[in-house]
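Beneath this line is the structure, given in structure tokens, with notes to follow.
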Amino acid sequence: MGQLNENDLVKIKDGVSFIPGASALVGPLNRIINWGRAGSIWPVTFGLACCAIEMMVAGSSTNDLDRFGIIFRASPRQADCLILAGTITKKMAPVIRRVYDQMPEPRYVLAMGSCACSGGLFDTYAVVQGGDNFLPVDVYIPGCPPRPEALIEGLITLQKKINQEQGRWSQLV
Amino acid sequence: MKIQYKPKRDLLETIIHLEILQGLALTLKKLFSKPITREYPGEMPPVYPGFRGQHALVRDPVSGTSKCIACLRCSQACPARCIRVKYHIDESNGSRIVDNYEIEALRCVYCGYCVEVCPVNAVTMTDIFEYSSTDRQSLHFDKERLLENWDHFTKSDSYERQSYVNPLWRPRGFPKSRLTASSRESVPKNRKIEKQFTGTKLGIKKNNKEAGGYNNLYPTHGEKNAH
Amino acid sequence: MSRKISFNCPVQAGDEDRYRIQMGPQHPATHGVLRVDLDLDGEIIRKCNPHVGYLHRGFEKLAEHRTYVQNLVLTDRLDYMAAMANNVGYCEAVEKLLAIEVPQRSRYLRTMVCEMARLASHLLWLATHALDIGAMTVFLYCFREREELLEIFAELCGSRLTNTYTRLGGVRQDVTHSIMMKLEKFVDSFPSNLEEYETLIDTNRIWLKRTIDVGTVGADEAVGLCLTGASLRGSGVDYDIRKHFPYAAYDFMDFEVPLGETGDTYARYRCRIEEMLQSNSILRQCIERMPPGPIIGDDAPDLIMPNKPGRKVEVDVPAQQSLIKLVEDRETFMEGDVYVATEVPKGELGFYFVSDGNGTPYRMHIRSPSFLHISALKTMAKGSMLADLIAIIGTLDVVLGECDR
Amino acid sequence: MESTGIIPRLEVSYPDDVLHSYQYCGQDVVLTRKKHILDICSFIRDQCAMNHLMFLCAVDNSRRKEAIGKNEYERFEVVYQFYSMTTKHSIRIRAQVPDDDCSIESITSLWPGADCLERECFDLMGIHFSSHPDLRRILMPEDWKGHPLRKEYPLRGIGEWAGYETLKEKSLELRTFDYRSSQKGNE
């Protein structure tokens with residue numbers, strides 16, 4: 001194979017190209033890794049309250065999250081995304097944190113619904129006023145509960161955010 | 001009513017695994033039926049009038065700003081207490097001028113009480129539900145942002161000027177005599193009022209196929225708005 | 001237990017078969033955030049200790065600080081699988097306390113949405129119960145029907161799950177023809193869909209092996225454990241609030257209460273399946289007999305209620321005076337206490353109100369069926385196998401939002 | 001929800017315990033002292049065939065208008081609602097529990113299902129149930145301070161739960177975490 005021309009490359013995504021016949025990709029490592037990560041978000045099956053039902057609907061046949069490469073994993077060790085679907089109580093908060101700590105890097109947190117975002121209706125003694133008090137929340141999805149489509153939209157927002165990351169992979173090396 | 005209990009299964013059925021074969025036949029049959037999956041980002045789910053989505057302040061076409069008169073009924077009715085209205089009183093005529101109108105979308109529980117109690121239909125809930133954000137502050141709507149939401153909503157194809165307030169309920173607690181014509185312009189004058197559904201008259205069960213004609217007789221917004 | 005036990009290790013040296021393990025709160029089969037503390041002897045559960053409270057949000061305290069109308073929003077979040085039924089239960093209780101009349105049409109509408117909620121809840125129960133036991137396909141099929149119901153809810157009141165549909169003294173908005181057409185289509189097709197589920201699991205030998213004689217509870221024992229709903233009726237006790245204290249329009253409906261005999265998981269499963277058919281027939285009756293009339297009574301309280309007696313909610317804007325001046329001077333509310341129970345999909349949901357004459361409840365106690373079902377788990381799981389615990393949790397049909405409140 | 005004849009029978013059998021009885025919204029209510037509550041409950045269960053315990057909860061009377069300044073009311077009360085599935089009668093018992101001796105006999109021996117309800121009363125209202133097999137907090141964490149449903153307890157709580165405090169401290173480390181600074185530390 002002689003000189004590789006720009007035109008020979010098959011462009012897959014902005015900045016990422018495919019070399020025909022060579023089964024290789026060309027592009028900045030960032031983009032390739034982000035592309036891979038954004039295309040395979042694996043959330044933990046971790047329902048807290050009402051929003052968990054809508055999360056299940058999003059995973060069921062009507063909306064089918066598998067289309068986005070999103071597969072629910074029962075174990076936090078295999079997951080890289082935590083969807084806070086429901087009210088976070090103070091008793092539950094340390095458990096959520098423990099689940100989060102078990103997840104491998106890179107990990108992302110989605111706060112789904114009013115309760116997980118800010119406590120919502122429950123401004124009481126038992127409820128944490130927002131998941132971002134003790135977790136770094138990446139995406140906030142408003143709604144009480146959000147439609148399953150809104151959750152998918154939130155996951156797409158997360159994919160966009162992942163695609164803009166720079167050098168997060170280098171932490172793991 | 002006692003229910004039938006243990007299912008009976010004879011020897012032959014047990015040997016040939018009849019019930020398992022039946023189940024497999026069902027799933028095989030479903031392989032050829034129409035998929036029910038909605039391809040979401042391309043295909044929108046049906047959203048009906050009165051859907052409780054993103055909030056908006058209605059922009060008055062005359063004055064170009066909000067219709068809100070700062071009566072504070074919305075913030076009193078709000079169970080989550082996420083609405084804050086700041087106003088000052090105009091010295092010349094004593095009316096209230098709204099300085100800022102804030103809705104904390106992340107605390108709101110989308111019950112729709114604020115829309116229901118509003119006497120001038122100033123605040124409304126649009127059928128937009130895709131507004132997740134990576135930033136908390138951007139979901140704390142102030143007056144400008146709420147008016148922008150309205151502009152955004154009026155541009156969307158689901159918007160019908162006549163029915164931005166859910167046409168199916170009437171605000172309660174207001175005698176009709178108190179309502180001026182302009183204050184309720186959101187309820188169109190020439191909108192066809194659908195006849196109330198009653199079971200006996202229509203006899204829905206018996207002639208189900210003929211009943212398909214109801215939609216033509218009484219056009220509803222739900223049918224129109226379905227994407 | 002007097003012996004000192006540390007986690008995940010043999011209970012006693014030399015007794016290597018006895019283990020204590022934790023299940024939950026993050027476990028796919030605990031239907032939320034339930035944690036179960038298990039003492040095992042090999043595979044056999046010697047002691048089962050459920051820990052709840054991971055979703056305790058302080059409903060009862062919060063209710064004391066909000067008006068009766070605002071508390072309606074709270075009830076959506078109780079049993080979020082059937083929010084409509086909770087709304088109706090709450091409104092029935094408050095209406096009894098405040099002596100508010102409900103028009104006939106809204107009674108029918110309430111019955112209708114209650115039964116829709118029952119179907120939605122039972123479908124979700126069947127889906128997750130089957131998923132826990134190992135039947136994935138049923139999950140997908142059940143959600144197909146549930147989605148239709150949720151879309152009807154969305155068209156009816158603007159929200160899929162947390163409906164806030166009822167109002168004190170009636171309901172929020174009327175049904176349209178298009179909603180009723182959809183509902184009728186659903187009602188027509190539902191029995192055949194139910195047959196599909198039955199084809200998949202009803203006689204399936206794996207399902208039978210995992211449900212028959214699992215979690216058996218006798219009739220007297222079930223009453224003593226305060227079980228209600230289908231969990232009680234599976235043991236053959238005829239107790240259904242819809243028959244015992246009819247509310248909404250259940251007086252006018254013809255339906256039967258399915259009763260099991262053996263009180264095991266399979267009997268409860270059959271009970272719920274039959275209940276779905278009964279609900280379907282009630283829905284059909286609602287559609288056929290829907291009377292005309294107003295949907296909300298004249299004396300229904302406004303959405304803004306004063307929270308102190310005699311206090312007027314007064315808004316006075318001089319410029320728009322004719323439009324805006326609204327005075328709410330509802331008389332002092334009754335003083336007293338009242339308990340009203342309704343039959344929600346999980347069982348008996350009761351609201352106990354103590355009213356002090358204010359616009360806010362002095363004390364609101366929610367008698368939630370799931371909370372008592374969880375307490376029965378201790379007795380029911382004792383002596384069964386570890387794998388059966390999943391089936392027992394599933395068959396009790398607990399929802400933690402209601403359990404912890 | 002009527003209870004024809006049960007109240008007179010209760011008054012005859014336990015003259016010292018029954019304080020007074022009334023009917024509200026068609027529901028029969030009996031105010032009793034707490035002393036013989038177990039006997040009263042077993043009387044209701046066995047003699048009156050009330051087999052179903054509908055609910056059990058506690059009420060804080062300290063700010064209740066009808067209770068202030070009346071001798072028969074104490075600071076707390078435990079409310080029982082019983083129902084007979086056969087005769088369809090129901091009755092509500094309000095047992096008065098004074099503030100200084102905040103305990104009452106447990107009825108778990110009669111209804112095993114009362115176990116969780118009594119634990120909830122203990123947890124949220126601080127009423128001690130004697131002879132309860134396993135009286136622990138149920139909804140709140142074990143080391144929670146105070147009883148949330150008491151009237152003097154504020155809605156947002158007093159102080160912060162220790163477990164949540166430590167969690168917040170732990171999460172502060174995460175906030176300041178910066179990839180480059182941590183790399184420098186490793187070098």
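Labeling convention for the structure tokens: chains A, B, ... as they appear, residues from 1 per chain, ligands from 1 in order of appearance.
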Q: Fewer than 4 positions away in the same chain doesn't count, so skip those; otherwise give me all residues within 9 Å of segment 334-349 of chain C, counting only C-alpha atoms, as a PyMOL selection string.
A: (chain C and resi 79+81-82+85-86+88-90+92-94+96-99+114-115+117-119+121-122+227-232+240-242+245-247+353-358+366-370+396-399) or (chain D and resi 24-25+27+54+65-66+81)
Using only C-alpha atoms, find each residue of chain A with at least one atom at most 8 Å away from an atom of chain D; report its shortest atom-to-atom pair and that distance in Å (one decimal), sort the rows by chain and rising residue number, and return the result as CSV.
```
residue,atom,partner,partner_atom,distance
A:Lys90,CA,D:Tyr164,CA,6.2
A:Lys91,CA,D:Pro141,CA,6.2
A:Ala93,CA,D:Tyr164,CA,7.3
A:Pro94,CA,D:Leu167,CA,6.3
A:Arg97,CA,D:Leu167,CA,7.9
A:Asp123,CA,D:Arg156,CA,6.8
A:Thr124,CA,D:Arg156,CA,4.7
A:Tyr125,CA,D:Arg156,CA,4.2
A:Ala126,CA,D:Gly157,CA,7.8
A:Asn133,CA,D:Lys168,CA,7.1
A:Phe134,CA,D:Ser171,CA,5.0
A:Leu135,CA,D:Ser171,CA,6.8
A:Pro136,CA,D:Arg175,CA,7.6
A:Gln171,CA,D:Tyr179,CA,7.1
```
Just all heavy atoms for this one: save the residues we selected as a compact mmCIF listing (two decimals), in the first residue's frame.
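Listed below is the output, result_16.txt:
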```
# COMPACT_ATOMS: atom_id res chain seq x y z
N LYS A 90 -32.05 10.51 52.63
CA LYS A 90 -30.76 10.55 53.33
C LYS A 90 -30.30 9.16 53.69
O LYS A 90 -29.12 8.86 53.73
CB LYS A 90 -30.88 11.43 54.57
CG LYS A 90 -30.90 12.89 54.18
CD LYS A 90 -31.02 13.81 55.34
CE LYS A 90 -31.13 15.23 54.81
NZ LYS A 90 -31.65 16.16 55.79
N LYS A 91 -31.26 8.28 53.96
CA LYS A 91 -30.87 6.91 54.30
C LYS A 91 -30.30 6.20 53.08
O LYS A 91 -29.45 5.34 53.20
CB LYS A 91 -32.11 6.17 54.81
CG LYS A 91 -31.82 4.84 55.47
CD LYS A 91 -33.08 4.23 56.05
CE LYS A 91 -32.79 2.88 56.65
NZ LYS A 91 -33.99 2.23 57.18
N ALA A 93 -28.78 7.76 50.46
CA ALA A 93 -27.66 8.45 49.83
C ALA A 93 -26.33 7.72 50.00
O ALA A 93 -25.59 7.57 49.02
CB ALA A 93 -27.57 9.87 50.39
N PRO A 94 -25.97 7.20 51.19
CA PRO A 94 -24.70 6.48 51.29
C PRO A 94 -24.66 5.23 50.40
O PRO A 94 -23.61 4.88 49.89
CB PRO A 94 -24.62 6.09 52.77
CG PRO A 94 -25.51 7.02 53.46
CD PRO A 94 -26.60 7.33 52.51
N ARG A 97 -23.99 6.33 46.91
CA ARG A 97 -22.58 6.67 46.81
C ARG A 97 -21.72 5.40 46.72
O ARG A 97 -20.74 5.35 45.98
CB ARG A 97 -22.22 7.50 48.05
CG ARG A 97 -20.82 8.00 48.09
CD ARG A 97 -20.56 8.95 46.96
NE ARG A 97 -19.17 8.83 46.58
CZ ARG A 97 -18.41 9.85 46.24
NH1 ARG A 97 -18.90 11.06 46.20
NH2 ARG A 97 -17.16 9.68 45.92
N ASP A 123 -39.47 18.70 50.32
CA ASP A 123 -38.52 19.55 51.02
C ASP A 123 -38.61 19.20 52.50
O ASP A 123 -39.02 19.99 53.32
CB ASP A 123 -38.89 21.01 50.77
CG ASP A 123 -37.77 21.93 51.17
OD1 ASP A 123 -36.75 21.42 51.64
OD2 ASP A 123 -37.93 23.15 51.03
N THR A 124 -38.26 17.96 52.84
CA THR A 124 -38.48 17.49 54.21
C THR A 124 -37.18 17.02 54.86
O THR A 124 -36.12 17.05 54.25
CB THR A 124 -39.46 16.31 54.24
OG1 THR A 124 -38.92 15.26 53.46
CG2 THR A 124 -40.80 16.70 53.69
N TYR A 125 -37.35 16.56 56.08
CA TYR A 125 -36.20 16.12 56.87
C TYR A 125 -35.48 14.91 56.28
O TYR A 125 -34.32 14.70 56.56
CB TYR A 125 -36.67 15.78 58.29
CG TYR A 125 -37.79 14.75 58.36
CD1 TYR A 125 -37.50 13.41 58.46
CD2 TYR A 125 -39.11 15.14 58.30
CE1 TYR A 125 -38.51 12.48 58.50
CE2 TYR A 125 -40.13 14.22 58.34
CZ TYR A 125 -39.83 12.88 58.43
OH TYR A 125 -40.82 11.96 58.46
N ALA A 126 -36.17 14.12 55.48
CA ALA A 126 -35.61 12.84 55.07
C ALA A 126 -35.02 12.85 53.68
O ALA A 126 -34.44 11.86 53.26
CB ALA A 126 -36.69 11.76 55.16
N ASN A 133 -25.57 17.11 45.53
CA ASN A 133 -24.97 17.38 46.84
C ASN A 133 -23.83 16.43 47.13
O ASN A 133 -22.94 16.75 47.90
CB ASN A 133 -26.02 17.24 47.93
CG ASN A 133 -26.81 18.51 48.09
OD1 ASN A 133 -26.28 19.58 47.90
ND2 ASN A 133 -28.07 18.37 48.41
N PHE A 134 -23.89 15.24 46.57
CA PHE A 134 -22.83 14.29 46.88
C PHE A 134 -22.36 13.49 45.67
O PHE A 134 -21.54 12.61 45.81
CB PHE A 134 -23.29 13.32 47.99
CG PHE A 134 -24.47 12.47 47.61
CD1 PHE A 134 -24.27 11.21 47.12
CD2 PHE A 134 -25.76 12.95 47.74
CE1 PHE A 134 -25.34 10.43 46.76
CE2 PHE A 134 -26.82 12.18 47.38
CZ PHE A 134 -26.62 10.91 46.90
N LEU A 135 -22.87 13.82 44.49
CA LEU A 135 -22.41 13.15 43.28
C LEU A 135 -22.20 14.19 42.19
O LEU A 135 -22.93 15.19 42.14
CB LEU A 135 -23.47 12.14 42.78
CG LEU A 135 -23.62 10.80 43.48
CD1 LEU A 135 -24.67 10.00 42.78
CD2 LEU A 135 -22.33 10.04 43.50
N PRO A 136 -21.23 13.99 41.32
CA PRO A 136 -21.08 14.92 40.21
C PRO A 136 -22.09 14.61 39.10
O PRO A 136 -21.89 13.67 38.33
CB PRO A 136 -19.65 14.68 39.75
CG PRO A 136 -19.35 13.30 40.16
CD PRO A 136 -20.20 12.95 41.32
N GLN A 171 -6.42 9.38 31.92
CA GLN A 171 -6.38 9.13 33.36
C GLN A 171 -6.20 7.65 33.66
O GLN A 171 -5.69 7.27 34.70
CB GLN A 171 -7.68 9.58 34.00
CG GLN A 171 -7.89 11.06 33.94
CD GLN A 171 -9.29 11.41 34.34
OE1 GLN A 171 -9.89 10.73 35.13
NE2 GLN A 171 -9.80 12.49 33.78
```
Q | Exercise: Gly86 of chain A partners within 12 Å, only C-alpha atoms, chain neighbours under 4 positions left out, as a ChimeraX atom specification | A | /A:46-55,82,92-93,96,110-122,127-128,130-131,141-146 /C:32-33,54-57,77,80,400-401
Q.
Quick check: residues of chain B within 7 Å of chain A, only C-alpha atoms, returned as a PyMOL selection string.
A. chain B and resi 36-38+40+79-80+105-110+129-130+132-134+136
(Q) Just want the 10 Å neighbourhood of segment 34-50 of chain D, counted on only C-alpha atoms, with same-chain residues fewer than 6 positions away dropped. Output as a PyMOL selection string. (A) chain D and resi 3+5-6+9-10+13-14+16-18+77-78+80-91+93-98+103-111
May I have the residues from that selection written out with C-alpha atoms, as a PDB file, in the first residue's frame?
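Dumped everything to selection.pdb:
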```pdb
ATOM      1  CA  SER D   3     -70.579  -1.063  65.303  1.00  0.00           C
ATOM      2  CA  GLY D   5     -73.794  -2.902  70.210  1.00  0.00           C
ATOM      3  CA  ILE D   6     -70.064  -3.070  70.580  1.00  0.00           C
ATOM      4  CA  ARG D   9     -70.555  -4.023  75.600  1.00  0.00           C
ATOM      5  CA  LEU D  10     -67.145  -2.410  75.887  1.00  0.00           C
ATOM      6  CA  SER D  13     -66.821  -4.894  80.323  1.00  0.00           C
ATOM      7  CA  TYR D  14     -64.263  -2.137  80.876  1.00  0.00           C
ATOM      8  CA  ASP D  16     -62.799   2.146  84.079  1.00  0.00           C
ATOM      9  CA  ASP D  17     -61.048   2.223  80.753  1.00  0.00           C
ATOM     10  CA  VAL D  18     -63.615   3.645  78.379  1.00  0.00           C
ATOM     11  CA  GLU D  77     -52.776   8.637  71.447  1.00  0.00           C
ATOM     12  CA  VAL D  78     -52.527   5.351  69.622  1.00  0.00           C
ATOM     13  CA  TYR D  80     -56.571   1.319  66.265  1.00  0.00           C
ATOM     14  CA  GLN D  81     -59.190   0.606  63.655  1.00  0.00           C
ATOM     15  CA  PHE D  82     -60.783  -2.815  63.663  1.00  0.00           C
ATOM     16  CA  TYR D  83     -63.106  -4.334  61.142  1.00  0.00           C
ATOM     17  CA  SER D  84     -65.115  -7.480  61.041  1.00  0.00           C
ATOM     18  CA  MET D  85     -65.135  -9.135  57.645  1.00  0.00           C
ATOM     19  CA  THR D  86     -68.154 -11.240  58.590  1.00  0.00           C
ATOM     20  CA  THR D  87     -70.482  -8.750  60.265  1.00  0.00           C
ATOM     21  CA  LYS D  88     -69.065  -5.723  58.408  1.00  0.00           C
ATOM     22  CA  HIS D  89     -68.789  -3.645  61.542  1.00  0.00           C
ATOM     23  CA  SER D  90     -65.895  -1.462  62.406  1.00  0.00           C
ATOM     24  CA  ILE D  91     -64.723   0.424  65.445  1.00  0.00           C
ATOM     25  CA  ILE D  93     -60.116   2.812  69.536  1.00  0.00           C
ATOM     26  CA  ARG D  94     -58.134   5.834  70.616  1.00  0.00           C
ATOM     27  CA  ALA D  95     -55.916   4.857  73.501  1.00  0.00           C
ATOM     28  CA  GLN D  96     -54.484   7.802  75.376  1.00  0.00           C
ATOM     29  CA  VAL D  97     -50.780   7.704  76.152  1.00  0.00           C
ATOM     30  CA  PRO D  98     -49.352  10.300  78.528  1.00  0.00           C
ATOM     31  CA  SER D 103     -45.465   3.333  76.475  1.00  0.00           C
ATOM     32  CA  ILE D 104     -48.329   1.036  75.668  1.00  0.00           C
ATOM     33  CA  GLU D 105     -48.775  -2.691  75.414  1.00  0.00           C
ATOM     34  CA  SER D 106     -48.054  -4.255  72.076  1.00  0.00           C
ATOM     35  CA  ILE D 107     -50.775  -6.160  70.237  1.00  0.00           C
ATOM     36  CA  THR D 108     -48.424  -8.241  68.118  1.00  0.00           C
ATOM     37  CA  SER D 109     -49.517 -11.327  70.031  1.00  0.00           C
ATOM     38  CA  LEU D 110     -53.005 -10.840  68.612  1.00  0.00           C
ATOM     39  CA  TRP D 111     -52.140  -9.532  65.151  1.00  0.00           C
TER      40      TRP D 111
END
```
Q: Report the residues of chain A whose backbone DSSP state falls under strand (DSSP E), written as a count of residues only.
A: 24
